[in-house]
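Below is entry-v4.pdb, which holds PDB, N, CA and C atoms, pLDDT in the B column.
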```pdb
MODEL        1
ATOM      1  N   MET A   1      21.444 -27.834 -67.812  1.00 84.00           N
ATOM      2  CA  MET A   1      20.103 -28.383 -67.796  1.00 84.00           C
ATOM      3  C   MET A   1      19.634 -28.530 -69.249  1.00 84.00           C
ATOM      4  N   THR A   2      19.107 -29.662 -69.565  1.00 89.00           N
ATOM      5  CA  THR A   2      18.622 -29.900 -70.920  1.00 89.00           C
ATOM      6  C   THR A   2      17.251 -29.241 -71.099  1.00 89.00           C
ATOM      7  N   PRO A   3      16.829 -29.028 -72.343  1.00 85.00           N
ATOM      8  CA  PRO A   3      15.495 -28.442 -72.573  1.00 85.00           C
ATOM      9  C   PRO A   3      14.378 -29.295 -71.952  1.00 85.00           C
ATOM     10  N   TYR A   4      14.526 -30.604 -72.002  1.00 89.00           N
ATOM     11  CA  TYR A   4      13.516 -31.480 -71.398  1.00 89.00           C
ATOM     12  C   TYR A   4      13.442 -31.250 -69.893  1.00 89.00           C
ATOM     13  N   GLU A   5      14.602 -31.173 -69.250  1.00 92.00           N
ATOM     14  CA  GLU A   5      14.629 -30.948 -67.796  1.00 92.00           C
ATOM     15  C   GLU A   5      14.033 -29.586 -67.453  1.00 92.00           C
ATOM     16  N   MET A   6      14.307 -28.603 -68.284  1.00 88.00           N
ATOM     17  CA  MET A   6      13.760 -27.264 -68.030  1.00 88.00           C
ATOM     18  C   MET A   6      12.239 -27.274 -68.136  1.00 88.00           C
ATOM     19  N   ARG A   7      11.710 -27.934 -69.164  1.00 89.00           N
ATOM     20  CA  ARG A   7      10.244 -28.017 -69.306  1.00 89.00           C
ATOM     21  C   ARG A   7       9.630 -28.767 -68.130  1.00 89.00           C
ATOM     22  N   TRP A   8      10.293 -29.837 -67.684  1.00 93.00           N
ATOM     23  CA  TRP A   8       9.789 -30.610 -66.551  1.00 93.00           C
ATOM     24  C   TRP A   8       9.754 -29.747 -65.291  1.00 93.00           C
ATOM     25  N   GLU A   9      10.805 -28.971 -65.070  1.00 94.00           N
ATOM     26  CA  GLU A   9      10.845 -28.096 -63.891  1.00 94.00           C
ATOM     27  C   GLU A   9       9.764 -27.026 -63.966  1.00 94.00           C
ATOM     28  N   MET A  10       9.523 -26.501 -65.161  1.00 93.00           N
ATOM     29  CA  MET A  10       8.450 -25.505 -65.307  1.00 93.00           C
ATOM     30  C   MET A  10       7.098 -26.136 -65.015  1.00 93.00           C
ATOM     31  N   TRP A  11       6.898 -27.355 -65.491  1.00 95.00           N
ATOM     32  CA  TRP A  11       5.645 -28.075 -65.226  1.00 95.00           C
ATOM     33  C   TRP A  11       5.474 -28.276 -63.726  1.00 95.00           C
ATOM     34  N   ARG A  12       6.523 -28.751 -63.064  1.00 96.00           N
ATOM     35  CA  ARG A  12       6.446 -29.003 -61.619  1.00 96.00           C
ATOM     36  C   ARG A  12       6.209 -27.715 -60.843  1.00 96.00           C
ATOM     37  N   SER A  13       6.862 -26.643 -61.252  1.00 96.00           N
ATOM     38  CA  SER A  13       6.664 -25.356 -60.581  1.00 96.00           C
ATOM     39  C   SER A  13       5.238 -24.851 -60.768  1.00 96.00           C
ATOM     40  N   ALA A  14       4.726 -24.968 -61.985  1.00 97.00           N
ATOM     41  CA  ALA A  14       3.352 -24.535 -62.257  1.00 97.00           C
ATOM     42  C   ALA A  14       2.364 -25.357 -61.441  1.00 97.00           C
ATOM     43  N   ASP A  15       2.567 -26.669 -61.400  1.00 97.00           N
ATOM     44  CA  ASP A  15       1.684 -27.551 -60.642  1.00 97.00           C
ATOM     45  C   ASP A  15       1.727 -27.213 -59.155  1.00 97.00           C
ATOM     46  N   ALA A  16       2.921 -27.020 -58.614  1.00 97.00           N
ATOM     47  CA  ALA A  16       3.059 -26.692 -57.187  1.00 97.00           C
ATOM     48  C   ALA A  16       2.403 -25.351 -56.876  1.00 97.00           C
ATOM     49  N   PHE A  17       2.604 -24.364 -57.735  1.00 97.00           N
ATOM     50  CA  PHE A  17       2.010 -23.047 -57.513  1.00 97.00           C
ATOM     51  C   PHE A  17       0.490 -23.125 -57.490  1.00 97.00           C
ATOM     52  N   LEU A  18      -0.090 -23.813 -58.495  1.00 98.00           N
ATOM     53  CA  LEU A  18      -1.547 -23.888 -58.578  1.00 98.00           C
ATOM     54  C   LEU A  18      -2.144 -24.721 -57.453  1.00 98.00           C
ATOM     55  N   GLN A  19      -1.468 -25.775 -57.039  1.00 98.00           N
ATOM     56  CA  GLN A  19      -1.976 -26.555 -55.909  1.00 98.00           C
ATOM     57  C   GLN A  19      -1.901 -25.750 -54.618  1.00 98.00           C
ATOM     58  N   ASN A  20      -0.843 -24.975 -54.464  1.00 98.00           N
ATOM     59  CA  ASN A  20      -0.708 -24.112 -53.291  1.00 98.00           C
ATOM     60  C   ASN A  20      -1.834 -23.081 -53.264  1.00 98.00           C
ATOM     61  N   ARG A  21      -2.101 -22.479 -54.417  1.00 97.00           N
ATOM     62  CA  ARG A  21      -3.188 -21.500 -54.509  1.00 97.00           C
ATOM     63  C   ARG A  21      -4.529 -22.154 -54.179  1.00 97.00           C
ATOM     64  N   TYR A  22      -4.727 -23.385 -54.684  1.00 98.00           N
ATOM     65  CA  TYR A  22      -5.964 -24.115 -54.391  1.00 98.00           C
ATOM     66  C   TYR A  22      -6.111 -24.341 -52.884  1.00 98.00           C
ATOM     67  N   ARG A  23      -5.049 -24.778 -52.226  1.00 98.00           N
ATOM     68  CA  ARG A  23      -5.114 -25.020 -50.774  1.00 98.00           C
ATOM     69  C   ARG A  23      -5.458 -23.747 -50.013  1.00 98.00           C
ATOM     70  N   GLN A  24      -4.844 -22.638 -50.410  1.00 98.00           N
ATOM     71  CA  GLN A  24      -5.126 -21.373 -49.733  1.00 98.00           C
ATOM     72  C   GLN A  24      -6.572 -20.938 -49.941  1.00 98.00           C
ATOM     73  N   LEU A  25      -7.050 -21.053 -51.170  1.00 97.00           N
ATOM     74  CA  LEU A  25      -8.450 -20.692 -51.438  1.00 97.00           C
ATOM     75  C   LEU A  25      -9.410 -21.621 -50.718  1.00 97.00           C
ATOM     76  N   LYS A  26      -9.053 -22.902 -50.613  1.00 97.00           N
ATOM     77  CA  LYS A  26      -9.901 -23.858 -49.908  1.00 97.00           C
ATOM     78  C   LYS A  26      -9.994 -23.498 -48.422  1.00 97.00           C
ATOM     79  N   GLU A  27      -8.858 -23.122 -47.823  1.00 97.00           N
ATOM     80  CA  GLU A  27      -8.864 -22.715 -46.410  1.00 97.00           C
ATOM     81  C   GLU A  27      -9.734 -21.466 -46.221  1.00 97.00           C
ATOM     82  N   GLN A  28      -9.623 -20.528 -47.148  1.00 97.00           N
ATOM     83  CA  GLN A  28     -10.438 -19.311 -47.059  1.00 97.00           C
ATOM     84  C   GLN A  28     -11.912 -19.639 -47.231  1.00 97.00           C
ATOM     85  N   TYR A  29     -12.226 -20.564 -48.125  1.00 97.00           N
ATOM     86  CA  TYR A  29     -13.611 -20.982 -48.355  1.00 97.00           C
ATOM     87  C   TYR A  29     -14.176 -21.635 -47.101  1.00 97.00           C
ATOM     88  N   GLU A  30     -13.404 -22.519 -46.487  1.00 97.00           N
ATOM     89  CA  GLU A  30     -13.861 -23.211 -45.277  1.00 97.00           C
ATOM     90  C   GLU A  30     -14.031 -22.254 -44.104  1.00 97.00           C
ATOM     91  N   ALA A  31     -13.249 -21.169 -44.108  1.00 96.00           N
ATOM     92  CA  ALA A  31     -13.360 -20.169 -43.044  1.00 96.00           C
ATOM     93  C   ALA A  31     -14.481 -19.171 -43.321  1.00 96.00           C
ATOM     94  N   GLY A  32     -15.094 -19.267 -44.504  1.00 95.00           N
ATOM     95  CA  GLY A  32     -16.183 -18.369 -44.848  1.00 95.00           C
ATOM     96  C   GLY A  32     -15.733 -17.035 -45.422  1.00 95.00           C
ATOM     97  N   LEU A  33     -14.473 -16.925 -45.801  1.00 96.00           N
ATOM     98  CA  LEU A  33     -13.952 -15.673 -46.340  1.00 96.00           C
ATOM     99  C   LEU A  33     -14.159 -15.546 -47.848  1.00 96.00           C
ATOM    100  N   VAL A  34     -14.371 -16.687 -48.508  1.00 94.00           N
ATOM    101  CA  VAL A  34     -14.583 -16.707 -49.957  1.00 94.00           C
ATOM    102  C   VAL A  34     -15.905 -17.415 -50.211  1.00 94.00           C
ATOM    103  N   ALA A  35     -16.733 -16.822 -51.059  1.00 95.00           N
ATOM    104  CA  ALA A  35     -18.067 -17.387 -51.297  1.00 95.00           C
ATOM    105  C   ALA A  35     -18.051 -18.571 -52.257  1.00 95.00           C
ATOM    106  N   GLU A  36     -17.163 -18.529 -53.241  1.00 95.00           N
ATOM    107  CA  GLU A  36     -17.143 -19.561 -54.278  1.00 95.00           C
ATOM    108  C   GLU A  36     -16.160 -20.676 -53.925  1.00 95.00           C
ATOM    109  N   ARG A  37     -16.627 -21.918 -54.030  1.00 96.00           N
ATOM    110  CA  ARG A  37     -15.777 -23.067 -53.723  1.00 96.00           C
ATOM    111  C   ARG A  37     -14.704 -23.223 -54.809  1.00 96.00           C
ATOM    112  N   PRO A  38     -13.429 -23.310 -54.415  1.00 96.00           N
ATOM    113  CA  PRO A  38     -12.362 -23.434 -55.422  1.00 96.00           C
ATOM    114  C   PRO A  38     -12.342 -24.816 -56.064  1.00 96.00           C
ATOM    115  N   GLU A  39     -11.869 -24.862 -57.300  1.00 96.00           N
ATOM    116  CA  GLU A  39     -11.728 -26.123 -58.008  1.00 96.00           C
ATOM    117  C   GLU A  39     -10.258 -26.510 -58.061  1.00 96.00           C
ATOM    118  N   PHE A  40      -9.998 -27.815 -57.952  1.00 97.00           N
ATOM    119  CA  PHE A  40      -8.635 -28.310 -58.041  1.00 97.00           C
ATOM    120  C   PHE A  40      -8.107 -28.019 -59.438  1.00 97.00           C
ATOM    121  N   PRO A  41      -6.837 -27.604 -59.561  1.00 96.00           N
ATOM    122  CA  PRO A  41      -6.303 -27.257 -60.880  1.00 96.00           C
ATOM    123  C   PRO A  41      -6.318 -28.441 -61.850  1.00 96.00           C
ATOM    124  N   SER A  42      -6.787 -28.183 -63.055  1.00 96.00           N
ATOM    125  CA  SER A  42      -6.864 -29.218 -64.081  1.00 96.00           C
ATOM    126  C   SER A  42      -5.540 -29.316 -64.838  1.00 96.00           C
ATOM    127  N   TYR A  43      -5.425 -30.371 -65.614  1.00 96.00           N
ATOM    128  CA  TYR A  43      -4.253 -30.563 -66.462  1.00 96.00           C
ATOM    129  C   TYR A  43      -4.099 -29.377 -67.407  1.00 96.00           C
ATOM    130  N   ALA A  44      -5.208 -28.906 -67.961  1.00 97.00           N
ATOM    131  CA  ALA A  44      -5.172 -27.780 -68.897  1.00 97.00           C
ATOM    132  C   ALA A  44      -4.675 -26.506 -68.218  1.00 97.00           C
ATOM    133  N   GLU A  45      -5.115 -26.263 -66.987  1.00 97.00           N
ATOM    134  CA  GLU A  45      -4.666 -25.069 -66.261  1.00 97.00           C
ATOM    135  C   GLU A  45      -3.174 -25.132 -65.968  1.00 97.00           C
ATOM    136  N   VAL A  46      -2.694 -26.297 -65.540  1.00 97.00           N
ATOM    137  CA  VAL A  46      -1.268 -26.453 -65.255  1.00 97.00           C
ATOM    138  C   VAL A  46      -0.463 -26.266 -66.536  1.00 97.00           C
ATOM    139  N   SER A  47      -0.940 -26.847 -67.632  1.00 95.00           N
ATOM    140  CA  SER A  47      -0.251 -26.706 -68.914  1.00 95.00           C
ATOM    141  C   SER A  47      -0.185 -25.247 -69.347  1.00 95.00           C
ATOM    142  N   ALA A  48      -1.282 -24.529 -69.206  1.00 96.00           N
ATOM    143  CA  ALA A  48      -1.331 -23.125 -69.600  1.00 96.00           C
ATOM    144  C   ALA A  48      -0.388 -22.287 -68.749  1.00 96.00           C
ATOM    145  N   TYR A  49      -0.341 -22.552 -67.461  1.00 96.00           N
ATOM    146  CA  TYR A  49       0.539 -21.789 -66.570  1.00 96.00           C
ATOM    147  C   TYR A  49       2.003 -22.102 -66.866  1.00 96.00           C
ATOM    148  N   ALA A  50       2.312 -23.371 -67.128  1.00 94.00           N
ATOM    149  CA  ALA A  50       3.682 -23.761 -67.478  1.00 94.00           C
ATOM    150  C   ALA A  50       4.090 -23.093 -68.794  1.00 94.00           C
ATOM    151  N   LEU A  51       3.167 -22.996 -69.735  1.00 94.00           N
ATOM    152  CA  LEU A  51       3.459 -22.332 -71.001  1.00 94.00           C
ATOM    153  C   LEU A  51       3.741 -20.849 -70.784  1.00 94.00           C
ATOM    154  N   GLN A  52       2.994 -20.209 -69.893  1.00 93.00           N
ATOM    155  CA  GLN A  52       3.259 -18.804 -69.565  1.00 93.00           C
ATOM    156  C   GLN A  52       4.663 -18.650 -69.003  1.00 93.00           C
ATOM    157  N   MET A  53       5.056 -19.575 -68.144  1.00 90.00           N
ATOM    158  CA  MET A  53       6.404 -19.534 -67.572  1.00 90.00           C
ATOM    159  C   MET A  53       7.446 -19.686 -68.669  1.00 90.00           C
ATOM    160  N   ARG A  54       7.215 -20.609 -69.580  1.00 89.00           N
ATOM    161  CA  ARG A  54       8.161 -20.845 -70.676  1.00 89.00           C
ATOM    162  C   ARG A  54       8.275 -19.618 -71.574  1.00 89.00           C
ATOM    163  N   GLU A  55       7.142 -19.002 -71.894  1.00 91.00           N
ATOM    164  CA  GLU A  55       7.165 -17.806 -72.730  1.00 91.00           C
ATOM    165  C   GLU A  55       7.900 -16.664 -72.036  1.00 91.00           C
ATOM    166  N   PHE A  56       7.730 -16.551 -70.732  1.00 90.00           N
ATOM    167  CA  PHE A  56       8.434 -15.519 -69.973  1.00 90.00           C
ATOM    168  C   PHE A  56       9.942 -15.748 -70.049  1.00 90.00           C
ATOM    169  N   VAL A  57      10.369 -16.987 -69.847  1.00 85.00           N
ATOM    170  CA  VAL A  57      11.794 -17.307 -69.901  1.00 85.00           C
ATOM    171  C   VAL A  57      12.351 -17.045 -71.299  1.00 85.00           C
ATOM    172  N   ASP A  58      11.606 -17.468 -72.315  1.00 84.00           N
ATOM    173  CA  ASP A  58      12.045 -17.244 -73.688  1.00 84.00           C
ATOM    174  C   ASP A  58      12.162 -15.743 -73.991  1.00 84.00           C
ATOM    175  N   ALA A  59      11.211 -14.969 -73.525  1.00 85.00           N
ATOM    176  CA  ALA A  59      11.240 -13.520 -73.746  1.00 85.00           C
ATOM    177  C   ALA A  59      12.421 -12.889 -73.017  1.00 85.00           C
ATOM    178  N   ARG A  60      12.696 -13.348 -71.824  1.00 78.00           N
ATOM    179  CA  ARG A  60      13.814 -12.802 -71.048  1.00 78.00           C
ATOM    180  C   ARG A  60      15.152 -13.151 -71.706  1.00 78.00           C
ATOM    181  N   ARG A  61      15.231 -14.333 -72.294  1.00 75.00           N
ATOM    182  CA  ARG A  61      16.463 -14.721 -72.993  1.00 75.00           C
ATOM    183  C   ARG A  61      16.693 -13.846 -74.206  1.00 75.00           C
ATOM    184  N   GLY A  62      15.627 -13.416 -74.827  1.00 69.00           N
ATOM    185  CA  GLY A  62      15.738 -12.544 -75.992  1.00 69.00           C
ATOM    186  C   GLY A  62      16.210 -11.147 -75.643  1.00 69.00           C
ATOM    187  N   ASP A  63      16.034 -10.748 -74.369  1.00 63.00           N
ATOM    188  CA  ASP A  63      16.440  -9.416 -73.920  1.00 63.00           C
ATOM    189  C   ASP A  63      17.938  -9.309 -73.673  1.00 63.00           C
ATOM    190  N   GLU A  64      18.616 -10.421 -73.596  1.00 56.00           N
ATOM    191  CA  GLU A  64      20.045 -10.410 -73.244  1.00 56.00           C
ATOM    192  C   GLU A  64      20.898  -9.766 -74.277  1.00 56.00           C
TER     193      GLU A  64
ENDMDL
END
```
When written as structure tokens, how does the structure in this file appear?
Amino acid sequence: MTPYEMRWEMWRSADAFLQNRYRQLKEQYEAGLVAERPEFPSYAEVSAYALQMREFVDARRGDE
């Protein structure tokens, strides 16, 4: 896997995770279990989460 492909996969994983979390929070909000209405994940949030994933992978590679 090339570095570009790895970054793309991290982006897609981060986006899928945050959208999944949004859907779950939205269902809880509609059921009255959560008081605050959830916001759809922004580009900045997805970027930040993907960066966290990248830093984790980089740190784990350093442990080898």
Quick check for you: according to DSSP on this backbone, which residues of chain A are classed as helix (DSSP H, G or I)? Reply as a ChimeraX atom specification. /A:3-30,43-62
Contact residues around region 8-13 of chain A with only C-alpha atoms at 10 Å, ignoring same-chain residues under 3 positions, as a ChimeraX atom specification: /A:2-5,16-19,46-54,57
Atom-to-atom span, CA of Arg21 (chain A) and atom C of Arg60 (chain A), Å: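 Atom-to-atom, CA of Arg21 (chain A) and atom C of Arg60 (chain A) are spaced 26.5 Å apart.
Pairwise distance (CA of Ala14 (chain A), CA of Val34 (chain A)) equals 23.1 Å.
Pairwise distance (atom N of Pro41 (chain A), atom C of Asp58 (chain A)) equals 26.6 Å.
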Which residues fall under the PyMOL selection byres (((chain A and resi 22 and name CA) around 12) and name CA) in this file, as a PDB file with N, CA and C atoms, in the frame of the given file?
```
ATOM      1  N   ASP A  15       2.567 -26.669 -61.400  1.00 97.00           N
ATOM      2  CA  ASP A  15       1.684 -27.551 -60.642  1.00 97.00           C
ATOM      3  C   ASP A  15       1.727 -27.213 -59.155  1.00 97.00           C
ATOM      4  N   ALA A  16       2.921 -27.020 -58.614  1.00 97.00           N
ATOM      5  CA  ALA A  16       3.059 -26.692 -57.187  1.00 97.00           C
ATOM      6  C   ALA A  16       2.403 -25.351 -56.876  1.00 97.00           C
ATOM      7  N   PHE A  17       2.604 -24.364 -57.735  1.00 97.00           N
ATOM      8  CA  PHE A  17       2.010 -23.047 -57.513  1.00 97.00           C
ATOM      9  C   PHE A  17       0.490 -23.125 -57.490  1.00 97.00           C
ATOM     10  N   LEU A  18      -0.090 -23.813 -58.495  1.00 98.00           N
ATOM     11  CA  LEU A  18      -1.547 -23.888 -58.578  1.00 98.00           C
ATOM     12  C   LEU A  18      -2.144 -24.721 -57.453  1.00 98.00           C
ATOM     13  N   GLN A  19      -1.468 -25.775 -57.039  1.00 98.00           N
ATOM     14  CA  GLN A  19      -1.976 -26.555 -55.909  1.00 98.00           C
ATOM     15  C   GLN A  19      -1.901 -25.750 -54.618  1.00 98.00           C
ATOM     16  N   ASN A  20      -0.843 -24.975 -54.464  1.00 98.00           N
ATOM     17  CA  ASN A  20      -0.708 -24.112 -53.291  1.00 98.00           C
ATOM     18  C   ASN A  20      -1.834 -23.081 -53.264  1.00 98.00           C
ATOM     19  N   ARG A  21      -2.101 -22.479 -54.417  1.00 97.00           N
ATOM     20  CA  ARG A  21      -3.188 -21.500 -54.509  1.00 97.00           C
ATOM     21  C   ARG A  21      -4.529 -22.154 -54.179  1.00 97.00           C
ATOM     22  N   ARG A  23      -5.049 -24.778 -52.226  1.00 98.00           N
ATOM     23  CA  ARG A  23      -5.114 -25.020 -50.774  1.00 98.00           C
ATOM     24  C   ARG A  23      -5.458 -23.747 -50.013  1.00 98.00           C
ATOM     25  N   GLN A  24      -4.844 -22.638 -50.410  1.00 98.00           N
ATOM     26  CA  GLN A  24      -5.126 -21.373 -49.733  1.00 98.00           C
ATOM     27  C   GLN A  24      -6.572 -20.938 -49.941  1.00 98.00           C
ATOM     28  N   LEU A  25      -7.050 -21.053 -51.170  1.00 97.00           N
ATOM     29  CA  LEU A  25      -8.450 -20.692 -51.438  1.00 97.00           C
ATOM     30  C   LEU A  25      -9.410 -21.621 -50.718  1.00 97.00           C
ATOM     31  N   LYS A  26      -9.053 -22.902 -50.613  1.00 97.00           N
ATOM     32  CA  LYS A  26      -9.901 -23.858 -49.908  1.00 97.00           C
ATOM     33  C   LYS A  26      -9.994 -23.498 -48.422  1.00 97.00           C
ATOM     34  N   GLU A  27      -8.858 -23.122 -47.823  1.00 97.00           N
ATOM     35  CA  GLU A  27      -8.864 -22.715 -46.410  1.00 97.00           C
ATOM     36  C   GLU A  27      -9.734 -21.466 -46.221  1.00 97.00           C
ATOM     37  N   GLN A  28      -9.623 -20.528 -47.148  1.00 97.00           N
ATOM     38  CA  GLN A  28     -10.438 -19.311 -47.059  1.00 97.00           C
ATOM     39  C   GLN A  28     -11.912 -19.639 -47.231  1.00 97.00           C
ATOM     40  N   TYR A  29     -12.226 -20.564 -48.125  1.00 97.00           N
ATOM     41  CA  TYR A  29     -13.611 -20.982 -48.355  1.00 97.00           C
ATOM     42  C   TYR A  29     -14.176 -21.635 -47.101  1.00 97.00           C
ATOM     43  N   ARG A  37     -16.627 -21.918 -54.030  1.00 96.00           N
ATOM     44  CA  ARG A  37     -15.777 -23.067 -53.723  1.00 96.00           C
ATOM     45  C   ARG A  37     -14.704 -23.223 -54.809  1.00 96.00           C
ATOM     46  N   PRO A  38     -13.429 -23.310 -54.415  1.00 96.00           N
ATOM     47  CA  PRO A  38     -12.362 -23.434 -55.422  1.00 96.00           C
ATOM     48  C   PRO A  38     -12.342 -24.816 -56.064  1.00 96.00           C
ATOM     49  N   GLU A  39     -11.869 -24.862 -57.300  1.00 96.00           N
ATOM     50  CA  GLU A  39     -11.728 -26.123 -58.008  1.00 96.00           C
ATOM     51  C   GLU A  39     -10.258 -26.510 -58.061  1.00 96.00           C
ATOM     52  N   PHE A  40      -9.998 -27.815 -57.952  1.00 97.00           N
ATOM     53  CA  PHE A  40      -8.635 -28.310 -58.041  1.00 97.00           C
ATOM     54  C   PHE A  40      -8.107 -28.019 -59.438  1.00 97.00           C
ATOM     55  N   PRO A  41      -6.837 -27.604 -59.561  1.00 96.00           N
ATOM     56  CA  PRO A  41      -6.303 -27.257 -60.880  1.00 96.00           C
ATOM     57  C   PRO A  41      -6.318 -28.441 -61.850  1.00 96.00           C
ATOM     58  N   SER A  42      -6.787 -28.183 -63.055  1.00 96.00           N
ATOM     59  CA  SER A  42      -6.864 -29.218 -64.081  1.00 96.00           C
ATOM     60  C   SER A  42      -5.540 -29.316 -64.838  1.00 96.00           C
ATOM     61  N   GLU A  45      -5.115 -26.263 -66.987  1.00 97.00           N
ATOM     62  CA  GLU A  45      -4.666 -25.069 -66.261  1.00 97.00           C
ATOM     63  C   GLU A  45      -3.174 -25.132 -65.968  1.00 97.00           C
TER      64      GLU A  45
END
```
